[in-house]
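Contents: one structure, followed by commentary.
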Amino acid sequence: MASEINWEQLNPLRGDKSPQAGTLWGNRKGSVPTGFLAKFVDGFSSPPHIHNVTYRAVVISGNIHNDDPDAANMWMPAGSFWTQPKGEVHITSAKGSTNIALVEIDKGPYLVLPVDKAFDSGERPINMDASNIVWVDPKGSVASPGGPKIAYLWGNLQEDQANGTFVKLPAGFEGKIESKGSLFRAVVIKGVATYRMSESEVKLLSPGSYFSSKGASMHEVSSMAEEESLFYIHTNGSYDIVPN
């Protein structure tokens with residue numbers, strides 16, 4: 001649950017100026033795959049820096065700019081997606097009362113390093129505003145203007161390889177996400193989702209909340225009647241969205 005996240009300084013060397021970090025899975029100080037939330041105060045802007053690892057990120061709330069130090073501000077709202085290649089000099093800024101992003105790395109540790117350590121990894125960054133996301137009907141569902149939608153972000157969902165997607169469930173949706181891979185991770189990006197644990201236990205998941213599973217699995221989820229919900233999903237196989 002988003003309310004259960006333990007926040008700590010993302011970069012302790014900056015003291016009170018450091019963004020906050022809340023781990024969802026893994027350990028950003030270790031070598032394992034990790035996902036954490038990064039929280040920035042209004043007006044935050046980092047000094048130019050690099051990271052030793054490439055990361056992927058999704059804006060959950062507020063507006064975030066991440067680019068070359070000399071680039072004009074491109075404020076990405078909730079539902080935007082970006083990648084930051086390792087070794088590339090950049091800054092990160094935030095604008096809004098609450099600025100939170102999901103940050104995901106495939107292998108740690110996640111370090112902040114000075115610009116004199118910069119190098120070219122051959123990778124190039126992506127900055128995708130929420131308004132430029134391309135939505136399609138998910139595999140296995142009936143095409144419907146008001147039905148669930150999926151957006152492909154990275155990887156290959158068709159070849160049973162690691163991949164990342166957005167899933168958008170319309171207001172009032174009730175159904176299941178059936179995962180066929182050996183790993184499934186989902187983070188709520190927008191809206192409030194209902195997650196049924198059992199017949200008697202139901203969780204309300206606000207943005208920043210997270211659920212996962214190993215092996216083939218089924219997740220009973222629904223959207224509130226008043227608004228749609230958006231999830232970021234990382235899996236290593238395919239999945240189906242099945243309305244009730």
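Convention: chains lettered A, B, ... in structure tokens order; per-chain residue numbering from 1; ligands numbered from 1 as shown.
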Who sits within 7 Å of range 177-190 of chain A, only C-alpha atoms, same chain under 5 positions skipped, as a PDB file with N, CA and C atoms, in the first residue's frame:
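Final output, part_9.pdb:
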```
ATOM      1  N   ILE A  60       4.169   9.643 -11.433  1.00  0.00           N
ATOM      2  CA  ILE A  60       2.937   9.283 -10.727  1.00  0.00           C
ATOM      3  C   ILE A  60       2.143  10.528 -10.346  1.00  0.00           C
ATOM      4  N   GLY A  79       1.619   9.791 -15.681  1.00  0.00           N
ATOM      5  CA  GLY A  79       1.397   8.905 -16.814  1.00  0.00           C
ATOM      6  C   GLY A  79       2.449   9.024 -17.894  1.00  0.00           C
ATOM      7  N   SER A 206      -4.133   3.123  -3.835  1.00  0.00           N
ATOM      8  CA  SER A 206      -3.961   4.476  -4.377  1.00  0.00           C
ATOM      9  C   SER A 206      -2.666   4.531  -5.187  1.00  0.00           C
ATOM     10  N   PRO A 207      -2.432   5.597  -5.959  1.00  0.00           N
ATOM     11  CA  PRO A 207      -1.203   5.702  -6.746  1.00  0.00           C
ATOM     12  C   PRO A 207       0.052   5.503  -5.899  1.00  0.00           C
ATOM     13  N   GLY A 208       0.975   4.697  -6.427  1.00  0.00           N
ATOM     14  CA  GLY A 208       2.190   4.340  -5.701  1.00  0.00           C
ATOM     15  C   GLY A 208       2.112   2.986  -5.034  1.00  0.00           C
ATOM     16  N   SER A 209       0.914   2.402  -4.949  1.00  0.00           N
ATOM     17  CA  SER A 209       0.772   1.068  -4.371  1.00  0.00           C
ATOM     18  C   SER A 209       1.266   0.020  -5.371  1.00  0.00           C
ATOM     19  N   TYR A 210       1.594  -1.170  -4.837  1.00  0.00           N
ATOM     20  CA  TYR A 210       2.289  -2.176  -5.647  1.00  0.00           C
ATOM     21  C   TYR A 210       1.811  -3.570  -5.277  1.00  0.00           C
ATOM     22  N   PHE A 211       1.673  -4.447  -6.302  1.00  0.00           N
ATOM     23  CA  PHE A 211       1.427  -5.865  -6.030  1.00  0.00           C
ATOM     24  C   PHE A 211       2.219  -6.699  -7.038  1.00  0.00           C
ATOM     25  N   SER A 212       2.516  -7.946  -6.665  1.00  0.00           N
ATOM     26  CA  SER A 212       3.368  -8.784  -7.515  1.00  0.00           C
ATOM     27  C   SER A 212       3.046 -10.251  -7.281  1.00  0.00           C
ATOM     28  N   SER A 213       3.623 -11.089  -8.142  1.00  0.00           N
ATOM     29  CA  SER A 213       3.481 -12.535  -7.993  1.00  0.00           C
ATOM     30  C   SER A 213       4.597 -13.234  -8.743  1.00  0.00           C
ATOM     31  N   LYS A 214       4.829 -14.491  -8.419  1.00  0.00           N
ATOM     32  CA  LYS A 214       5.772 -15.344  -9.128  1.00  0.00           C
ATOM     33  C   LYS A 214       5.008 -16.540  -9.685  1.00  0.00           C
ATOM     34  N   GLY A 215       5.340 -16.918 -10.921  1.00  0.00           N
ATOM     35  CA  GLY A 215       4.632 -18.013 -11.575  1.00  0.00           C
ATOM     36  C   GLY A 215       3.311 -17.540 -12.157  1.00  0.00           C
ATOM     37  N   ALA A 216       2.656 -18.415 -12.892  1.00  0.00           N
ATOM     38  CA  ALA A 216       1.351 -18.087 -13.461  1.00  0.00           C
ATOM     39  C   ALA A 216       0.416 -17.652 -12.340  1.00  0.00           C
ATOM     40  N   SER A 217      -0.320 -16.562 -12.557  1.00  0.00           N
ATOM     41  CA  SER A 217      -1.106 -15.996 -11.462  1.00  0.00           C
ATOM     42  C   SER A 217      -2.303 -15.238 -11.991  1.00  0.00           C
ATOM     43  N   MET A 218      -3.240 -14.978 -11.089  1.00  0.00           N
ATOM     44  CA  MET A 218      -4.441 -14.237 -11.444  1.00  0.00           C
ATOM     45  C   MET A 218      -4.657 -13.141 -10.408  1.00  0.00           C
ATOM     46  N   HIS A 219      -4.921 -11.926 -10.879  1.00  0.00           N
ATOM     47  CA  HIS A 219      -5.122 -10.782  -9.996  1.00  0.00           C
ATOM     48  C   HIS A 219      -6.503 -10.185 -10.270  1.00  0.00           C
ATOM     49  N   GLU A 220      -7.351 -10.182  -9.245  1.00  0.00           N
ATOM     50  CA  GLU A 220      -8.694  -9.610  -9.379  1.00  0.00           C
ATOM     51  C   GLU A 220      -8.635  -8.124  -9.072  1.00  0.00           C
ATOM     52  N   SER A 229      -8.358   3.694 -14.014  1.00  0.00           N
ATOM     53  CA  SER A 229      -7.117   3.445 -13.287  1.00  0.00           C
ATOM     54  C   SER A 229      -6.028   3.057 -14.283  1.00  0.00           C
ATOM     55  N   LEU A 230      -4.793   3.421 -13.940  1.00  0.00           N
ATOM     56  CA  LEU A 230      -3.647   3.171 -14.807  1.00  0.00           C
ATOM     57  C   LEU A 230      -2.575   2.438 -14.012  1.00  0.00           C
ATOM     58  N   PHE A 231      -2.045   1.366 -14.604  1.00  0.00           N
ATOM     59  CA  PHE A 231      -1.011   0.557 -13.973  1.00  0.00           C
ATOM     60  C   PHE A 231       0.232   0.516 -14.861  1.00  0.00           C
ATOM     61  N   TYR A 232       1.400   0.468 -14.229  1.00  0.00           N
ATOM     62  CA  TYR A 232       2.632   0.101 -14.923  1.00  0.00           C
ATOM     63  C   TYR A 232       2.897  -1.359 -14.590  1.00  0.00           C
ATOM     64  N   ILE A 233       3.094  -2.181 -15.612  1.00  0.00           N
ATOM     65  CA  ILE A 233       3.291  -3.616 -15.408  1.00  0.00           C
ATOM     66  C   ILE A 233       4.621  -4.044 -16.001  1.00  0.00           C
ATOM     67  N   HIS A 234       5.417  -4.757 -15.197  1.00  0.00           N
ATOM     68  CA  HIS A 234       6.682  -5.360 -15.623  1.00  0.00           C
ATOM     69  C   HIS A 234       6.526  -6.865 -15.452  1.00  0.00           C
ATOM     70  N   THR A 235       6.679  -7.592 -16.544  1.00  0.00           N
ATOM     71  CA  THR A 235       6.585  -9.044 -16.486  1.00  0.00           C
ATOM     72  C   THR A 235       7.594  -9.637 -17.455  1.00  0.00           C
ATOM     73  N   ASN A 236       7.755 -10.950 -17.416  1.00  0.00           N
ATOM     74  CA  ASN A 236       8.643 -11.602 -18.371  1.00  0.00           C
ATOM     75  C   ASN A 236       7.879 -12.596 -19.234  1.00  0.00           C
ATOM     76  N   GLY A 237       6.639 -12.293 -19.468  1.00  0.00           N
ATOM     77  CA  GLY A 237       5.789 -13.118 -20.320  1.00  0.00           C
ATOM     78  C   GLY A 237       4.604 -12.293 -20.798  1.00  0.00           C
ATOM     79  N   SER A 238       3.560 -12.957 -21.180  1.00  0.00           N
ATOM     80  CA  SER A 238       2.353 -12.284 -21.622  1.00  0.00           C
ATOM     81  C   SER A 238       1.295 -12.315 -20.522  1.00  0.00           C
ATOM     82  N   TYR A 239       0.254 -11.559 -20.694  1.00  0.00           N
ATOM     83  CA  TYR A 239      -0.863 -11.591 -19.754  1.00  0.00           C
ATOM     84  C   TYR A 239      -2.146 -11.217 -20.489  1.00  0.00           C
ATOM     85  N   ASP A 240      -3.262 -11.608 -19.930  1.00  0.00           N
ATOM     86  CA  ASP A 240      -4.575 -11.309 -20.492  1.00  0.00           C
ATOM     87  C   ASP A 240      -5.370 -10.472 -19.501  1.00  0.00           C
ATOM     88  N   ILE A 241      -6.176  -9.548 -20.027  1.00  0.00           N
ATOM     89  CA  ILE A 241      -7.102  -8.768 -19.216  1.00  0.00           C
ATOM     90  C   ILE A 241      -8.495  -9.297 -19.505  1.00  0.00           C
ATOM     91  N   VAL A 242      -9.143  -9.841 -18.488  1.00  0.00           N
ATOM     92  CA  VAL A 242     -10.410 -10.549 -18.678  1.00  0.00           C
ATOM     93  C   VAL A 242     -11.501  -9.861 -17.875  1.00  0.00           C
TER      94      VAL A 242
END
```
**Item:** 12 Å contact set for Asn11 in chain A, only C-alpha atoms, chain neighbours under 3 positions out, as a list in words
**Value:**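 These residues fall inside the cut-off: Glu8, Arg14, Gly15, Asp16, Lys17, Ser18, Pro19, Gln20, Ala21, Arg28, Lys29, Ala38, Lys39, Phe40, Ser46, His49, His51, Tyr110, Leu111, Val112 and Leu113 of chain A.
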Please dump the current selection as a PDB file, in the first residue's frame; keep N, CA and C atoms.
```pdb
ATOM      1  N   GLU A   8      13.062   7.412   2.862  1.00  0.00           N
ATOM      2  CA  GLU A   8      14.384   7.774   3.343  1.00  0.00           C
ATOM      3  C   GLU A   8      15.056   8.664   2.298  1.00  0.00           C
ATOM      4  N   ARG A  14      23.368  14.977   0.030  1.00  0.00           N
ATOM      5  CA  ARG A  14      22.754  16.294  -0.155  1.00  0.00           C
ATOM      6  C   ARG A  14      21.976  16.742   1.079  1.00  0.00           C
ATOM      7  N   GLY A  15      21.935  15.913   2.100  1.00  0.00           N
ATOM      8  CA  GLY A  15      21.254  16.294   3.336  1.00  0.00           C
ATOM      9  C   GLY A  15      19.782  16.596   3.114  1.00  0.00           C
ATOM     10  N   ASP A  16      19.313  17.728   3.665  1.00  0.00           N
ATOM     11  CA  ASP A  16      17.904  18.085   3.575  1.00  0.00           C
ATOM     12  C   ASP A  16      17.454  18.395   2.144  1.00  0.00           C
ATOM     13  N   LYS A  17      18.403  18.617   1.241  1.00  0.00           N
ATOM     14  CA  LYS A  17      18.058  18.900  -0.154  1.00  0.00           C
ATOM     15  C   LYS A  17      17.824  17.627  -0.967  1.00  0.00           C
ATOM     16  N   SER A  18      18.064  16.482  -0.346  1.00  0.00           N
ATOM     17  CA  SER A  18      17.917  15.217  -1.053  1.00  0.00           C
ATOM     18  C   SER A  18      16.453  14.880  -1.309  1.00  0.00           C
ATOM     19  N   PRO A  19      16.113  14.330  -2.488  1.00  0.00           N
ATOM     20  CA  PRO A  19      14.785  13.751  -2.678  1.00  0.00           C
ATOM     21  C   PRO A  19      14.600  12.576  -1.723  1.00  0.00           C
ATOM     22  N   GLN A  20      13.355  12.158  -1.554  1.00  0.00           N
ATOM     23  CA  GLN A  20      13.047  11.004  -0.714  1.00  0.00           C
ATOM     24  C   GLN A  20      12.851   9.767  -1.590  1.00  0.00           C
ATOM     25  N   ALA A  21      13.150   8.605  -1.037  1.00  0.00           N
ATOM     26  CA  ALA A  21      13.009   7.347  -1.772  1.00  0.00           C
ATOM     27  C   ALA A  21      12.255   6.341  -0.914  1.00  0.00           C
ATOM     28  N   ARG A  28      18.017  -0.836  -3.797  1.00  0.00           N
ATOM     29  CA  ARG A  28      18.775   0.000  -4.732  1.00  0.00           C
ATOM     30  C   ARG A  28      20.251   0.091  -4.340  1.00  0.00           C
ATOM     31  N   LYS A  29      20.600  -0.288  -3.111  1.00  0.00           N
ATOM     32  CA  LYS A  29      21.996  -0.282  -2.683  1.00  0.00           C
ATOM     33  C   LYS A  29      22.685  -1.620  -2.957  1.00  0.00           C
ATOM     34  N   ALA A  38      10.478   7.857  -6.032  1.00  0.00           N
ATOM     35  CA  ALA A  38      11.292   9.039  -5.734  1.00  0.00           C
ATOM     36  C   ALA A  38      10.351  10.226  -5.572  1.00  0.00           C
ATOM     37  N   LYS A  39      10.514  10.967  -4.477  1.00  0.00           N
ATOM     38  CA  LYS A  39       9.633  12.100  -4.173  1.00  0.00           C
ATOM     39  C   LYS A  39      10.448  13.379  -4.109  1.00  0.00           C
ATOM     40  N   PHE A  40       9.988  14.402  -4.847  1.00  0.00           N
ATOM     41  CA  PHE A  40      10.707  15.672  -4.954  1.00  0.00           C
ATOM     42  C   PHE A  40       9.831  16.822  -4.460  1.00  0.00           C
ATOM     43  N   SER A  46      18.148  19.160  -9.516  1.00  0.00           N
ATOM     44  CA  SER A  46      19.419  18.543  -9.138  1.00  0.00           C
ATOM     45  C   SER A  46      20.581  19.231  -9.847  1.00  0.00           C
ATOM     46  N   HIS A  49      24.617  15.525 -13.116  1.00  0.00           N
ATOM     47  CA  HIS A  49      25.188  14.307 -12.543  1.00  0.00           C
ATOM     48  C   HIS A  49      24.982  13.155 -13.523  1.00  0.00           C
ATOM     49  N   HIS A  51      24.431   8.563 -13.531  1.00  0.00           N
ATOM     50  CA  HIS A  51      24.201   7.347 -12.758  1.00  0.00           C
ATOM     51  C   HIS A  51      25.042   6.229 -13.358  1.00  0.00           C
ATOM     52  N   TYR A 110      22.349   1.556  -7.296  1.00  0.00           N
ATOM     53  CA  TYR A 110      21.977   2.808  -7.945  1.00  0.00           C
ATOM     54  C   TYR A 110      22.775   3.923  -7.296  1.00  0.00           C
ATOM     55  N   LEU A 111      23.716   4.515  -8.051  1.00  0.00           N
ATOM     56  CA  LEU A 111      24.606   5.531  -7.505  1.00  0.00           C
ATOM     57  C   LEU A 111      24.456   6.853  -8.253  1.00  0.00           C
ATOM     58  N   VAL A 112      24.660   7.954  -7.545  1.00  0.00           N
ATOM     59  CA  VAL A 112      24.728   9.288  -8.129  1.00  0.00           C
ATOM     60  C   VAL A 112      26.196   9.687  -8.174  1.00  0.00           C
ATOM     61  N   LEU A 113      26.706   9.993  -9.379  1.00  0.00           N
ATOM     62  CA  LEU A 113      28.139  10.263  -9.557  1.00  0.00           C
ATOM     63  C   LEU A 113      28.348  11.612 -10.238  1.00  0.00           C
TER      64      LEU A 113
END
```
**Item:** Exercise: Ala118 in chain A partners within 7 Å, only C-alpha atoms, chain neighbours under 5 positions left out, as a PyMOL selection string
**Value:** chain A and resi 50+87-89
**Prompt:** Which residues in range 39-141 of chain A does DSSP call helix (DSSP H, G or I)? List them as a PyMOL selection string.
**Reply:** chain A and resi 115-117+130-132
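Picture a line from CA of Pro114 in chain A to CA of Gly35 in chain A; it runs 23.0 Å.
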**DSSP strand (DSSP E) selection over range 38-81 of chain A, as a list of chain:residue names** =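 The residues of range 38-81 of chain A classed as strand (DSSP E) are A:Ala38, A:Lys39, A:Phe40, A:Ile50, A:His51, A:Tyr55, A:Arg56, A:Ala57, A:Val58, A:Val59, A:Ile60, A:Ser61, A:Gly62, A:Asn63, A:Ile64, A:His65, A:Asn66, A:Asp67, A:Phe81.
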**Item:** Nearby residues (only C-alpha atoms) at most 12 Å from Ser198 in chain A, same-chain spacing under 2 positions excluded, as a list in words
**Value:** Thr194, Tyr195, Arg196, Ser200, Glu201, Val202, Lys203, Met218, His219, Glu220 and Val221 of chain A
Store the residues picked out above, limited to C-alpha atoms, as a short mmCIF file (atom, residue, chain, number, x, y, z; two decimals), in the first residue's frame.
```cif
data_model
loop_
_atom_site.label_atom_id
_atom_site.label_comp_id
_atom_site.auth_asym_id
_atom_site.auth_seq_id
_atom_site.Cartn_x
_atom_site.Cartn_y
_atom_site.Cartn_z
CA THR A 194 -9.65 -2.26 -5.86
CA TYR A 195 -7.66 -5.47 -5.37
CA ARG A 196 -9.48 -8.55 -4.08
CA SER A 200 -13.59 -11.23 2.62
CA GLU A 201 -10.52 -9.04 2.06
CA VAL A 202 -10.38 -6.16 -0.42
CA LYS A 203 -7.60 -3.55 -0.65
CA MET A 218 -4.44 -14.24 -11.44
CA HIS A 219 -5.12 -10.78 -10.00
CA GLU A 220 -8.69 -9.61 -9.38
CA VAL A 221 -8.77 -5.86 -9.93
#
```
**Prompt:** Could you state the separation of CA of Gln84 in chain A and CA of Ile150 in chain A in Å, given to one decimal place?
**Reply:** 22.9 Å
**Complete:** CA of His65 in chain A to CA of Lys86 in chain A measures 17.3 Å
**Item:** Test item: residues at most 10 Å from Trp82 in chain A, only C-alpha atoms, excluding those fewer than 3 positions along its chain, as a VMD selection string
**Value:** chain A and resid 55 to 59 65 to 67 76 103 125 to 129 153
Write out the residues from the selection above, keeping N, CA and C atoms, as a compact mmCIF listing (two decimals), in the first residue's frame.
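This is the output file out.txt:
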```txt
# COMPACT_ATOMS: atom_id res chain seq x y z
N TYR A 55 18.18 3.61 -15.88
CA TYR A 55 16.89 3.40 -15.21
C TYR A 55 15.73 3.79 -16.11
N ARG A 56 14.57 3.21 -15.79
CA ARG A 56 13.30 3.58 -16.41
C ARG A 56 12.45 4.26 -15.35
N ALA A 57 11.56 5.17 -15.75
CA ALA A 57 10.78 5.90 -14.76
C ALA A 57 9.41 6.27 -15.31
N VAL A 58 8.45 6.38 -14.40
CA VAL A 58 7.07 6.78 -14.72
C VAL A 58 6.65 7.86 -13.73
N VAL A 59 6.10 8.95 -14.24
CA VAL A 59 5.60 10.01 -13.36
C VAL A 59 4.27 9.57 -12.75
N HIS A 65 10.86 17.09 -14.97
CA HIS A 65 11.72 17.33 -16.14
C HIS A 65 13.00 16.54 -15.94
N ASN A 66 13.41 15.79 -16.96
CA ASN A 66 14.66 15.02 -16.88
C ASN A 66 15.34 15.08 -18.25
N ASP A 67 16.49 15.76 -18.32
CA ASP A 67 17.10 15.97 -19.63
C ASP A 67 18.52 16.50 -19.47
N MET A 76 6.87 16.76 -17.64
CA MET A 76 6.09 15.54 -17.90
C MET A 76 5.10 15.31 -16.76
N VAL A 103 10.83 4.66 -10.15
CA VAL A 103 12.13 4.45 -10.78
C VAL A 103 12.45 2.96 -10.71
N PRO A 125 18.37 8.38 -24.43
CA PRO A 125 17.22 8.57 -23.54
C PRO A 125 15.89 8.64 -24.29
N ILE A 126 14.83 8.39 -23.56
CA ILE A 126 13.47 8.54 -24.06
C ILE A 126 12.71 9.43 -23.09
N ASN A 127 12.00 10.41 -23.61
CA ASN A 127 11.09 11.24 -22.82
C ASN A 127 9.74 11.22 -23.51
N MET A 128 8.78 10.50 -22.95
CA MET A 128 7.48 10.32 -23.58
C MET A 128 6.39 10.94 -22.71
N ASP A 129 5.86 12.08 -23.14
CA ASP A 129 4.77 12.73 -22.43
C ASP A 129 3.53 11.85 -22.45
N LEU A 153 5.73 -0.10 -23.79
CA LEU A 153 6.78 0.84 -23.42
C LEU A 153 8.17 0.33 -23.76
```
**Request:** Please provide as a ChimeraX atom specification all residues within 9 Å of range 92-96 of chain A, with the sequence filter that same-chain residues fewer than 2 positions apart are discarded (counting only C-alpha atoms).
**Result:** /A:40-48,61-67,69,73,75,90,98-100
**Given only C-alpha atoms as the counted atoms, nearest of A:Tyr152, A:Gly191, A:Gly164, A:Thr54 to Asp120 in chain A** =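 Closest residue, counting only C-alpha atoms: A:Thr54.
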**Message:** Applying 8 Å and only C-alpha atoms, which residues near Asn244 in chain A remain after dropping the ones on its own chain fewer than 5 positions away? List them as a list in words.
**Reply:**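 Close residues of Asn244 in chain A: Glu174, Gly175 and Lys176 of chain A.
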**Item:** Counting only C-alpha atoms, the residue of A:Leu10, A:Ala162, A:Ala78, A:Ala101 that sits nearest Ala130 in chain A
**Value:**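 Of A:Leu10, A:Ala162, A:Ala78, A:Ala101, the one nearest Ala130 in chain A is A:Ala78, counting only C-alpha atoms.
Among A:Arg124, A:Lys168, A:Lys107, A:Lys149, the residue with the shortest atom-to-atom distance to Val136 in chain A, counting only C-alpha atoms, is A:Lys149.
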**Counting only C-alpha atoms, the residue of A:Pro243, A:Pro138, A:Gly172, A:Gly122 that sits nearest Ala151 in chain A** =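 Between A:Pro243, A:Pro138, A:Gly172, A:Gly122, the residue approaching Ala151 in chain A most closely is A:Pro138.
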